[in-house]
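Peer 1: I have a structure here, written as structure tokens, and I will follow up with some questions on it.
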Amino acid sequence: MKVFLSWSGERSKKTAEALWTWLPDVLQYVSPWLSSLDISAGRRGVREITDELAEANFGIICATPENQSSNWIHFEAGALAKQVDNGFVVPFLIGMRTTDLVSPISQFQAVVGDDRADVQKLLSDINSASGELALPQERLNRSFQRSWPEFESKMRGIKDISLGVDPPAAVKRSGADMTEEILLLSRQFDQRLADLERNALLGREMPRRPPQEIRRISEEKFIASSFAKIGWEAVRSTWEEDRVLIIVQRSERASQSISHDFVDRLARSLGREVVVLGETERWVLRSSDLP
């Protein structure tokens with residue numbers, strides 16, 4: 001079972017090195033690969049990395065606030081996503097929360113590196129993906145419990161490493177990035193539900209939801225989530241041929257007013273004109289009002 005460890009930057013590298021040492025202690029059949037340790041002097045680094053990416057069964061991306069804009073991290077994440085199932089590519093977070101991840105790495109299910117439950121689930125996922133090599137769950141749990149305290153201590157030390165006088169700026173998520181991610185995840189979730197429904201009804205004489213209805217449900221969830229993020233409630237949505245009418249009301253936790261820019265981003269994501277109506281204040285915002 002080959003696990004590719006992707007890194008960029010000092011804290012990310014030390015995390016990858018800690019995983020390279022620790023993973024085989026818990027899952028003895030795992031063969032982690034790390035460029036800083038597994039490329040011999042004089043060998044062609046980029047070519048060997050590309051070959052290893054092609055052979056990987058599982059990928060762990062050691063992500064930090066300072067390396068999210070790294071072109072190399074994005075390259076390896078994309079290569080891993082093409083090579084293995086997306087469920088087998090996991091961002092391993094150091095000094096950040098899952099909500100801090102930016103696209104494209106945010107499309108993967110991440111774990112927090114010093115969170116015991118998160119890391120234990122990661123090992124269970126690797127074990128489940130290993131087929132006949134997999135350890136019995138009880139044996140895996142015992143091995144994890146014995147080795148976790150030492151690894152946790154290493155991770156806390158890595159998290160506290162000083163980044164110097166002028167550390168790289170952490171990437172901040174834009175409103176557009178979060179809005180687009182909500183739509184993507186919502187559509188993926190509803191597509192999975194549609195697949196489950198289709199499989200469950202296979203061979204039965206029962207009506208299925210048409211694709212247009214599945215997409216509509218997904219987009220309405222996206223609208224509700226987008227407004228909820230800024231403290232507004234989407235009370236009702238009315239869909240017409242080339243536009244959607246959304247009636248909203250402000251909640252007590254509203255963090256900002258609804259701007260033309262927000263409405264325009266909704267329109268671009270939905271691929272149609274958006275008209276927002278205030279339920280009580282009787283105001284109107286249209287995406288087409290933008291200059």
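Please note that chains go A, B, ... in the order of the structure tokens, that every chain numbers its residues from 1, and that ligands are numbered from 1 in the order shown.
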With DSSP run on the backbone, what are the strand (DSSP E or B) residues within segment 65-120 of chain A? I'd like them as a list in words.

Peer 2: Val89, Val90, Pro91, Phe92, Leu93, Val111 and Val112 of chain A

Peer 1: Can you list every residue in segment 106-174 of chain A that DSSP puts in alpha helix (DSSP H), as a VMD selection string?

Peer 2: chain A and resid 116 to 128 137 to 159

Peer 1: Counting only C-alpha atoms, figure out which residue out of A:Val26, A:Ala18, A:Val248, A:Ile105 gets nearest to Ile230 of chain A.

Peer 2: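 Among A:Val26, A:Ala18, A:Val248, A:Ile105, it is A:Val248 that comes nearest to Ile230 of chain A.
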
Peer 1: Using only C-alpha atoms, which residue out of A:Phe88, A:Ile247, A:Leu34, A:Asp261 lies closest to Leu277 of chain A?

Peer 2: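 For Leu277 of chain A, the nearest of the candidates is A:Ile247.
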
Peer 1: For Val263 of chain A, find every residue with an atom within 10 Å (counting only C-alpha atoms), except residues of its own chain fewer than 4 positions away, and show them as a ChimeraX atom specification.

Peer 2: /A:227,258-259,267-269,273-276,285-290

Peer 1: Tell me which of A:Leu19, A:Leu133, A:Val112, A:Ile126 sits closest to Asp100 of chain A, counting only C-alpha atoms.

Peer 2: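 Closest residue, counting only C-alpha atoms: A:Val112.
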
Peer 1: Choose the residue, out of A:Met155, A:Met1, A:Ser226, A:Glu55, that has the smallest atom-to-atom separation from Gln28 of chain A; count only C-alpha atoms.

Peer 2: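 With only C-alpha atoms as the atom set, the closest residue is A:Met1.
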
Peer 1: I'd like the contact shell of segment 68-74 of chain A - 9 Å cut-off, only C-alpha atoms, skipping same-chain residues fewer than 5 positions apart - returned as a list in words.

Peer 2: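 Selected residues are Ser6, Trp7, Ser8, Gly9, Ile61, Cys62, Ala63, Ala79, Leu101, Val102, Ser103, Pro104, Ile105, Ala170 and Val171 of chain A.
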
Peer 1: Just write the chosen residues, all heavy atoms, as a short mmCIF file (atom, residue, chain, number, x, y, z; two decimals), in the first residue's frame.

Peer 2:
```cif
data_model
loop_
_atom_site.label_atom_id
_atom_site.label_comp_id
_atom_site.auth_asym_id
_atom_site.auth_seq_id
_atom_site.Cartn_x
_atom_site.Cartn_y
_atom_site.Cartn_z
N SER A 6 2.66 14.60 0.26
CA SER A 6 2.92 15.84 -0.45
C SER A 6 3.20 16.97 0.54
O SER A 6 2.49 17.11 1.53
CB SER A 6 1.70 16.20 -1.32
OG SER A 6 1.86 17.46 -1.94
N TRP A 7 4.22 17.78 0.27
CA TRP A 7 4.59 18.84 1.20
C TRP A 7 5.15 20.05 0.44
O TRP A 7 5.61 19.95 -0.70
CB TRP A 7 5.63 18.36 2.20
CG TRP A 7 6.95 17.98 1.58
CD1 TRP A 7 7.28 16.77 1.04
CD2 TRP A 7 8.09 18.82 1.39
NE1 TRP A 7 8.55 16.80 0.53
CE2 TRP A 7 9.08 18.05 0.74
CE3 TRP A 7 8.37 20.15 1.71
CZ2 TRP A 7 10.33 18.55 0.40
CZ3 TRP A 7 9.62 20.66 1.37
CH2 TRP A 7 10.59 19.87 0.73
N SER A 8 5.13 21.20 1.12
CA SER A 8 5.75 22.42 0.62
C SER A 8 5.94 23.37 1.80
O SER A 8 4.97 23.76 2.45
CB SER A 8 4.87 23.09 -0.46
OG SER A 8 5.43 24.32 -0.88
N GLY A 9 7.17 23.74 2.09
CA GLY A 9 7.45 24.61 3.23
C GLY A 9 7.93 23.82 4.44
O GLY A 9 7.80 22.59 4.52
N ILE A 61 -1.88 15.25 1.79
CA ILE A 61 -1.35 16.58 1.47
C ILE A 61 -1.13 17.33 2.78
O ILE A 61 -2.09 17.66 3.48
CB ILE A 61 -2.32 17.36 0.57
CG1 ILE A 61 -2.62 16.58 -0.70
CG2 ILE A 61 -1.77 18.74 0.24
CD1 ILE A 61 -3.80 17.12 -1.48
N CYS A 62 0.11 17.60 3.13
CA CYS A 62 0.42 18.29 4.38
C CYS A 62 0.23 19.79 4.16
O CYS A 62 1.08 20.47 3.58
CB CYS A 62 1.85 17.97 4.82
SG CYS A 62 2.10 16.22 5.15
N ALA A 63 -0.92 20.31 4.59
CA ALA A 63 -1.32 21.68 4.29
C ALA A 63 -1.13 22.59 5.50
O ALA A 63 -1.47 22.23 6.63
CB ALA A 63 -2.78 21.71 3.84
N ALA A 79 -2.62 15.70 -9.49
CA ALA A 79 -2.14 14.41 -9.98
C ALA A 79 -2.69 13.26 -9.15
O ALA A 79 -3.07 12.21 -9.68
CB ALA A 79 -0.61 14.39 -9.97
N LEU A 101 -9.36 26.04 4.37
CA LEU A 101 -8.85 25.52 3.10
C LEU A 101 -9.45 26.27 1.92
O LEU A 101 -10.63 26.60 1.92
CB LEU A 101 -9.18 24.03 2.96
CG LEU A 101 -8.25 23.04 3.64
CD1 LEU A 101 -8.81 21.63 3.51
CD2 LEU A 101 -6.84 23.11 3.06
N VAL A 102 -8.62 26.51 0.91
CA VAL A 102 -9.10 27.16 -0.30
C VAL A 102 -9.11 26.15 -1.44
O VAL A 102 -8.47 25.10 -1.38
CB VAL A 102 -8.21 28.37 -0.68
CG1 VAL A 102 -8.25 29.42 0.41
CG2 VAL A 102 -6.77 27.94 -0.95
N SER A 103 -9.86 26.46 -2.48
CA SER A 103 -9.93 25.61 -3.66
C SER A 103 -8.57 25.61 -4.38
O SER A 103 -7.88 26.62 -4.39
CB SER A 103 -11.03 26.16 -4.59
OG SER A 103 -11.21 25.33 -5.69
N PRO A 104 -8.15 24.49 -4.96
CA PRO A 104 -8.90 23.25 -5.17
C PRO A 104 -8.76 22.23 -4.05
O PRO A 104 -9.44 21.21 -4.06
CB PRO A 104 -8.25 22.70 -6.44
CG PRO A 104 -6.82 23.12 -6.33
CD PRO A 104 -6.85 24.49 -5.69
N ILE A 105 -7.88 22.47 -3.06
CA ILE A 105 -7.65 21.46 -2.03
C ILE A 105 -8.89 21.29 -1.15
O ILE A 105 -9.11 20.24 -0.56
CB ILE A 105 -6.42 21.83 -1.18
CG1 ILE A 105 -5.18 21.89 -2.07
CG2 ILE A 105 -6.17 20.81 -0.08
CD1 ILE A 105 -3.91 22.32 -1.36
N ALA A 170 -0.68 34.01 4.93
CA ALA A 170 -1.68 32.95 4.81
C ALA A 170 -2.73 33.36 3.78
O ALA A 170 -3.11 34.52 3.68
CB ALA A 170 -2.34 32.69 6.17
N VAL A 171 -3.19 32.39 3.01
CA VAL A 171 -4.21 32.66 2.00
C VAL A 171 -5.56 32.79 2.68
O VAL A 171 -5.94 31.96 3.51
CB VAL A 171 -4.26 31.51 0.97
CG1 VAL A 171 -5.36 31.75 -0.05
CG2 VAL A 171 -2.91 31.39 0.26
#
```

Peer 1: When you look at Ser31 of chain A with a cut-off of 12 Å (counting only C-alpha atoms), what residues show up, excluding the ones that are within fewer than 5 positions of it in the same chain? I need them as a PyMOL selection string.

Peer 2: chain A and resi 1-5+19-26+38+52+55-59+126+130

Peer 1: If you keep N, CA and C atoms, can you produce a file of those selected residues as a PDB file, in the first residue's frame?

Peer 2:
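As written to disk, out-v1.pdb reads:
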```pdb
ATOM      1  N   MET A   1       0.860  -1.188   0.000  1.00  0.00           N
ATOM      2  CA  MET A   1       0.000   0.000   0.000  1.00  0.00           C
ATOM      3  C   MET A   1       0.892   1.232   0.000  1.00  0.00           C
ATOM      4  N   LYS A   2       0.951   1.943  -1.130  1.00  0.00           N
ATOM      5  CA  LYS A   2       1.843   3.092  -1.235  1.00  0.00           C
ATOM      6  C   LYS A   2       1.076   4.377  -0.916  1.00  0.00           C
ATOM      7  N   VAL A   3       1.579   5.129   0.072  1.00  0.00           N
ATOM      8  CA  VAL A   3       0.980   6.403   0.475  1.00  0.00           C
ATOM      9  C   VAL A   3       1.934   7.521   0.077  1.00  0.00           C
ATOM     10  N   PHE A   4       1.469   8.420  -0.788  1.00  0.00           N
ATOM     11  CA  PHE A   4       2.290   9.547  -1.251  1.00  0.00           C
ATOM     12  C   PHE A   4       2.089  10.728  -0.296  1.00  0.00           C
ATOM     13  N   LEU A   5       3.192  11.263   0.219  1.00  0.00           N
ATOM     14  CA  LEU A   5       3.142  12.396   1.148  1.00  0.00           C
ATOM     15  C   LEU A   5       3.571  13.666   0.413  1.00  0.00           C
ATOM     16  N   LEU A  19       4.981  11.741   9.526  1.00  0.00           N
ATOM     17  CA  LEU A  19       4.061  10.719   9.012  1.00  0.00           C
ATOM     18  C   LEU A  19       4.831   9.567   8.365  1.00  0.00           C
ATOM     19  N   TRP A  20       5.908   9.900   7.651  1.00  0.00           N
ATOM     20  CA  TRP A  20       6.728   8.885   6.976  1.00  0.00           C
ATOM     21  C   TRP A  20       7.278   7.871   7.985  1.00  0.00           C
ATOM     22  N   THR A  21       7.654   8.369   9.161  1.00  0.00           N
ATOM     23  CA  THR A  21       8.177   7.496  10.210  1.00  0.00           C
ATOM     24  C   THR A  21       7.070   6.746  10.939  1.00  0.00           C
ATOM     25  N   TRP A  22       5.942   7.436  11.187  1.00  0.00           N
ATOM     26  CA  TRP A  22       4.910   6.909  12.076  1.00  0.00           C
ATOM     27  C   TRP A  22       3.951   5.935  11.412  1.00  0.00           C
ATOM     28  N   LEU A  23       3.546   6.210  10.172  1.00  0.00           N
ATOM     29  CA  LEU A  23       2.515   5.384   9.530  1.00  0.00           C
ATOM     30  C   LEU A  23       2.857   3.890   9.521  1.00  0.00           C
ATOM     31  N   PRO A  24       4.086   3.491   9.150  1.00  0.00           N
ATOM     32  CA  PRO A  24       4.391   2.045   9.155  1.00  0.00           C
ATOM     33  C   PRO A  24       4.415   1.440  10.552  1.00  0.00           C
ATOM     34  N   ASP A  25       4.570   2.275  11.585  1.00  0.00           N
ATOM     35  CA  ASP A  25       4.515   1.743  12.949  1.00  0.00           C
ATOM     36  C   ASP A  25       3.100   1.285  13.308  1.00  0.00           C
ATOM     37  N   VAL A  26       2.107   1.968  12.743  1.00  0.00           N
ATOM     38  CA  VAL A  26       0.708   1.637  13.045  1.00  0.00           C
ATOM     39  C   VAL A  26       0.149   0.652  12.013  1.00  0.00           C
ATOM     40  N   ASP A  38      13.167   9.979   0.012  1.00  0.00           N
ATOM     41  CA  ASP A  38      13.197   8.804  -0.853  1.00  0.00           C
ATOM     42  C   ASP A  38      13.819   9.035  -2.219  1.00  0.00           C
ATOM     43  N   GLU A  52       6.172   8.227  -8.972  1.00  0.00           N
ATOM     44  CA  GLU A  52       5.596   7.810  -7.703  1.00  0.00           C
ATOM     45  C   GLU A  52       4.126   8.225  -7.590  1.00  0.00           C
ATOM     46  N   GLU A  55       1.913   5.742  -9.173  1.00  0.00           N
ATOM     47  CA  GLU A  55       1.801   4.444  -8.505  1.00  0.00           C
ATOM     48  C   GLU A  55       1.111   4.530  -7.146  1.00  0.00           C
ATOM     49  N   ALA A  56       0.749   5.729  -6.715  1.00  0.00           N
ATOM     50  CA  ALA A  56       0.201   5.902  -5.365  1.00  0.00           C
ATOM     51  C   ALA A  56      -1.183   5.274  -5.227  1.00  0.00           C
ATOM     52  N   ASN A  57      -1.442   4.693  -4.054  1.00  0.00           N
ATOM     53  CA  ASN A  57      -2.767   4.179  -3.718  1.00  0.00           C
ATOM     54  C   ASN A  57      -3.543   5.150  -2.839  1.00  0.00           C
ATOM     55  N   PHE A  58      -2.809   6.040  -2.174  1.00  0.00           N
ATOM     56  CA  PHE A  58      -3.426   6.965  -1.220  1.00  0.00           C
ATOM     57  C   PHE A  58      -2.530   8.198  -1.148  1.00  0.00           C
ATOM     58  N   GLY A  59      -3.123   9.381  -1.016  1.00  0.00           N
ATOM     59  CA  GLY A  59      -2.346  10.610  -0.943  1.00  0.00           C
ATOM     60  C   GLY A  59      -2.678  11.433   0.285  1.00  0.00           C
ATOM     61  N   ILE A 126      -7.326   4.583   5.515  1.00  0.00           N
ATOM     62  CA  ILE A 126      -6.215   3.939   4.805  1.00  0.00           C
ATOM     63  C   ILE A 126      -6.348   2.423   4.922  1.00  0.00           C
ATOM     64  N   SER A 130      -7.163  -0.734   1.907  1.00  0.00           N
ATOM     65  CA  SER A 130      -6.033  -1.635   1.673  1.00  0.00           C
ATOM     66  C   SER A 130      -6.433  -3.044   1.291  1.00  0.00           C
TER      67      SER A 130
END
```

Peer 1: Could you state the separation of atom CA of Val90 of chain A and atom CA of Ala117 of chain A in Å, given to one decimal place?

Peer 2: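 Those two atoms sit 14.7 Å apart.
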
Peer 1: Which of these residues is nearest to Asp51 of chain A, using only C-alpha atoms: A:Ser225, A:Ser35, A:Ser162, A:Thr98?

Peer 2: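 Nearest to Asp51 of chain A: A:Ser35.
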
Peer 1: Considering only C-alpha atoms, state which residue in the set A:Ala129, A:Ile246, A:Met96, A:Val119 is at the smallest distance from Phe151 of chain A.

Peer 2: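 Counting only C-alpha atoms, the residue closest to Phe151 of chain A is A:Val119.
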
Peer 1: Separation of atom CA of Ile60 of chain A and atom CA of Phe222 of chain A, in Å?

Peer 2: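 Answer for the atom CA of Ile60 of chain A to atom CA of Phe222 of chain A separation: 29.0 Å.
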
Peer 1: Between atom CA of Asn141 of chain A and atom CA of Ser153 of chain A, what is the distance in Å, rounded to a tenth?

Peer 2: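 Taking atom CA of Asn141 of chain A and atom CA of Ser153 of chain A, their separation equals 18.7 Å.
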